[in-house]
Each structure stands twice: as C-alpha cells, then as structure tokens.
Amino acid sequence: DQDNLVHAVMVEVPSDDERSREELPFANATKLVPVHKQFRVWIGGVAVLGAFVALIVILPGVGNQPPTPPAPTSSMPSLSLPPSSSSIPSMFPSIDPSGNPSHFPSVSPSSNEELQQNALFELSNVLANENWTKNNGWGSSSSNMCSWYGVVCDTDGLDIFVTELNLAANNLTGNIDDASLLGNLKYLEQLDLDSNSIVGNLTAFSLNLIQFSHLKYVDLRLTELTGSIPPEVCDSMEGVDLRVDCNIECDCCSHDVLCEEECMDVPGWHDSDGEVFDCAWYAGIDDDDDFYDDNSDRCEQFGSCCENDSHTAKTACCVCGGGIRGLVNPTPSSAPSSIPSQSPSVSQQPS
C-alpha cells in the first residue's frame, strides 16, 4: 500500500511582489485622480466662465452705439483744391506764388470763415446795424461777407480772412466795452470806427486789442468812449497807428500831429475903415507910407481901434495876438479810409 501512496507536494504560489514583471502586465499603471480634483478641469472651467461674463458686459454696450453716418455721396458739395494744394491742412504757413510766406495759417475754410462771419453778425447786432447809414449785406447769411459794406478781405489762396473793418461816420450806436465783439477777426489789420455814437470803457477795450497781433491802424476818434490808453497797451502795440480824441491820455497815440494847435485869423474880418484893412494889412510894416510912422508895428499902433463885427485886430488877427486857435486836424475823415468794393474782393470758395 505504501507503494501506491501518492506523494503530496505543497506548492507555494508566489505573491505579486515576488512574481516577475512579465507576469504583471499592469504593474506600471498609475492611480486615476477623480475628475473634480483635476487641475486642468478647474482651469478650463474658469476660462469658460470668464468668457461668458465678458459677453454679458460687452454685448449691451455694442448694441447701444449710434449708427455709423453714411459716407459722403456725389450729391454733397466738395471743396476743389488747387493742383498744388494738399487735402490735409498744414501746420506750417502757406506759401504764395511769389515765394513769400503768408501770415495766414492753412485752416479749414468752412470753419474759419464761419467763425469770422459769426463775429460780424454779433458786432452788427450790438451796434444796431438796422440804423446804420450804410449796411449793405449786413445780416444776410446768404451773401459773401467780403461784399458787406466796410468789410475788406484777403486770401491765402485757400481761405478768406477779414483784414479791414471800415465803418467810420456810419451811425453806429452801442456799447463796445469788450473787444470780444470782434471775436474771431484775429487777422484784422485796420479798425476804423471814428465819428460814431459808440460808448464804453476805452481802457478795457484797448487792453483787449492787444490780442489782435496783425493790427496796424485803429481810429476811435469822435466817439463817446471814456478812459485812457494804459502804458502796457502802448508797449504791446508798438508800431500801430492808434488814434483817439485829444483829451484822452495816450502816450503812443498820434497826438503830436493830430492834436497840434494852430492859429487862424477870423475868416473875412477887416476893421471898420474898409476891406483893405484886414489881418494881412496889419501884418505889414509901414516903411513907405508918410501917413504912418516908419517901421511901426500896425498891431501896436492900430490894433485896438476900428472894431468891426465885435472884433479888433488884436482879437481877430493872429499876428496881433488874436485869431482862433484849434487843432490842425480837428475831425477825422467822415468816410472809410479805404472804400470797399460792392463785389467780393476775393472769390467765395465752396465749403
């Protein structure tokens, strides 16, 4: 029986750690992390959420923007520039055909001309243009301002500039305290407002004139302006021919010429002895007349006698110490110093 006994053999099965790598095909597998704990999932989620919020903020603003204006069509007027001109305004002074630089800047014709015309409108409203002696064109927005009475213009070939305003003896009435009435007439070279019933503070007005750097001539005589011309105005407006009434204090005005006094004989006077004995006779010397003392002074000898028309030679004749004393140029011209043409001095360009 022992020969037939089966020998039992205990076989030990090796553990996983003891098995060779060939027998463990998944030995290198890594442990999976749950989806909600993965970093990439969080980053992607935040990006999607940010994009969604941005759309909520931006889209309403885009919808509220005004519509884009239509592009200009051929029916809209356009400005024709000279062949040599650029359509882009230059920051440098333009050059005229003679090669001399212009003191006018290159600016938008429509905007600059409109500003100047508005300044003229304001001036005419304040100074009551409906009562002016001559107001041709004033107050009309459809006419060229350069054709208005008293307005003189210049051009740089592209734009138009008001350079002279000549409204002397034209029944202007109103207050011109503030030079802002002249507004955007900053290229004004000549301002003639003499012999008008305009009132205001001349001191304030003259201080504001300093800003008009192109001024060459200003005439404010025979007006009702009060005040004086301050020294700082004279310093800043050196070379400007500034004319005010002789009783107004002004160190740089033309008082030395315009306010010089001279003596004039009483017109047509002669003494009671006859027409021959006029002021010219009293200015003579008796050197060949036996009736009078030789070399005698006729004024001294006869100046107090022979009264006629309430005058004697000593009150009627300058040579005898009388006569009428007055200003050499007591009144300015009653007409503008340069008469504007009734037609525009320059052609009106479309804006």
# chains A, B, ... in the order shown; residues from 1 in each chain; ligands from 1
$ residues_around --residues "segment 197-209 of chain A" --least-positions-apart "2" --cutoff "6 Å" --atoms "only C-alpha atoms" --output "compact mmCIF listing (two decimals) with C-alpha atoms, in the first residue's frame"
# COMPACT_ATOMS: atom_id res chain seq x y z
CA LEU A 172 -23.10 153.11 -35.13
CA THR A 173 -24.64 153.07 -31.64
CA GLY A 174 -23.98 150.68 -28.77
CA ASN A 175 -21.50 149.60 -26.11
CA ILE A 176 -18.15 148.11 -27.12
CA ASP A 177 -16.68 147.59 -23.65
CA ASP A 178 -15.49 144.12 -24.60
CA ALA A 179 -13.26 143.53 -27.62
CA GLN A 211 -4.64 140.03 -28.76
CA PHE A 212 -5.03 141.21 -32.37
CA THR A 223 -16.83 158.65 -30.17
CA GLU A 224 -18.26 158.61 -26.64
CA LEU A 225 -15.66 156.22 -25.25
CA THR A 226 -14.23 157.14 -21.86
CA GLY A 227 -10.99 156.23 -20.10
CA SER A 228 -7.38 156.22 -21.22
CA ILE A 229 -4.85 154.10 -23.08
CA VAL A 233 -1.13 148.79 -24.43
$ residues_around --residues "segment 273-277 of chain A" --least-positions-apart "2" --cutoff "10 Å" --atoms "only C-alpha atoms" --output "MDAnalysis selection string"
chainID A and resid 268:271 279:282 305:308 313
$ write_last_selection --atoms "N, CA, C and O atoms" --output "CSV table (one decimal), in the first residue's frame"
chain,number,residue,atom,x,y,z
A,268,GLY,N,-12.6,186.4,-43.0
A,268,GLY,CA,-13.3,187.5,-43.7
A,268,GLY,C,-13.3,188.8,-42.9
A,268,GLY,O,-13.9,189.8,-43.3
A,269,TRP,N,-12.5,188.8,-41.7
A,269,TRP,CA,-12.6,190.1,-40.9
A,269,TRP,C,-11.7,191.2,-41.5
A,269,TRP,O,-10.7,191.0,-42.1
A,270,HIS,N,-12.2,192.4,-41.4
A,270,HIS,CA,-11.4,193.6,-41.6
A,270,HIS,C,-11.9,194.7,-40.7
A,270,HIS,O,-13.1,194.6,-40.1
A,271,ASP,N,-11.2,195.7,-40.5
A,271,ASP,CA,-11.6,196.8,-39.5
A,271,ASP,C,-12.7,197.7,-40.1
A,271,ASP,O,-13.0,197.6,-41.3
A,279,CYS,N,-6.4,191.4,-41.8
A,279,CYS,CA,-5.3,190.9,-41.0
A,279,CYS,C,-4.0,190.9,-41.8
A,279,CYS,O,-2.9,191.1,-41.2
A,280,ALA,N,-4.1,190.8,-43.1
A,280,ALA,CA,-2.9,190.8,-43.9
A,280,ALA,C,-2.3,192.2,-43.9
A,280,ALA,O,-1.0,192.4,-43.8
A,281,TRP,N,-3.1,193.2,-43.8
A,281,TRP,CA,-2.6,194.6,-43.8
A,281,TRP,C,-1.9,194.8,-42.4
A,281,TRP,O,-0.9,195.4,-42.3
A,282,TYR,N,-2.5,194.3,-41.4
A,282,TYR,CA,-2.0,194.5,-40.0
A,282,TYR,C,-0.6,193.8,-39.9
A,282,TYR,O,0.2,194.1,-39.0
A,305,CYS,N,-8.2,199.8,-32.2
A,305,CYS,CA,-9.2,200.7,-32.8
A,305,CYS,C,-10.0,200.0,-33.9
A,305,CYS,O,-9.7,198.8,-34.2
A,306,CYS,N,-10.9,200.7,-34.4
A,306,CYS,CA,-11.7,200.3,-35.6
A,306,CYS,C,-12.4,199.0,-35.5
A,306,CYS,O,-12.2,198.1,-36.3
A,307,GLU,N,-13.1,198.8,-34.4
A,307,GLU,CA,-13.8,197.5,-34.2
A,307,GLU,C,-14.8,197.2,-35.3
A,307,GLU,O,-15.5,198.1,-35.7
A,308,ASN,N,-14.9,196.0,-35.7
A,308,ASN,CA,-15.8,195.6,-36.7
A,308,ASN,C,-16.3,194.1,-36.4
A,308,ASN,O,-15.4,193.3,-36.1
A,313,ALA,N,-8.3,194.2,-34.4
A,313,ALA,CA,-7.2,193.4,-34.9
A,313,ALA,C,-6.6,192.5,-33.9
A,313,ALA,O,-6.1,191.4,-34.1
$ residues_around --residues "Val319 of chain A" --least-positions-apart "5" --cutoff "12 Å" --atoms "only C-alpha atoms" --output "number ranges by chain"
A: 263-266, 278-285, 297-300, 303, 313-314, 324
$ select_by_dssp --residues "segment 126-230 of chain A" --states "strand (DSSP E)" --output "count of residues only"
29
$ residues_around --residues "segment 113-121 of chain A" --least-positions-apart "4" --cutoff "12 Å" --atoms "only C-alpha atoms" --output "VMD selection string"
chain A and resid 107 to 109 125 to 129 135 137 to 151 153 to 155 158 to 165 179 to 188 348 to 351
$ residues_around --residues "Leu222 of chain A" --least-positions-apart "4" --cutoff "7 Å" --atoms "only C-alpha atoms" --output "short mmCIF file (atom, residue, chain, number, x, y, z; two decimals) with N, CA, C and O atoms, in the first residue's frame"
data_model
loop_
_atom_site.label_atom_id
_atom_site.label_comp_id
_atom_site.auth_asym_id
_atom_site.auth_seq_id
_atom_site.Cartn_x
_atom_site.Cartn_y
_atom_site.Cartn_z
N ASP A 194 -14.36 155.67 -36.15
CA ASP A 194 -14.46 157.05 -35.72
C ASP A 194 -15.78 157.68 -36.14
O ASP A 194 -16.47 157.21 -37.04
N SER A 195 -16.14 158.77 -35.45
CA SER A 195 -17.34 159.56 -35.75
C SER A 195 -18.62 158.72 -35.64
O SER A 195 -19.49 158.77 -36.51
N ASN A 196 -18.72 157.96 -34.55
CA ASN A 196 -19.92 157.17 -34.27
C ASN A 196 -20.30 157.34 -32.80
O ASN A 196 -19.47 157.67 -31.96
N ASP A 245 -9.36 160.59 -29.28
CA ASP A 245 -9.58 162.02 -29.11
C ASP A 245 -8.45 162.66 -28.31
O ASP A 245 -7.82 162.02 -27.46
#
$ residues_around --residues "Met237 of chain A" --least-positions-apart "5" --cutoff "9 Å" --atoms "only C-alpha atoms" --output "PyMOL selection string"
chain A and resi 209-210+213+215-216+232+242+252
$ residues_around --residues "Leu220 of chain A" --least-positions-apart "5" --cutoff "7 Å" --atoms "only C-alpha atoms" --output "ChimeraX atom specification"
/A:192-194,243-244
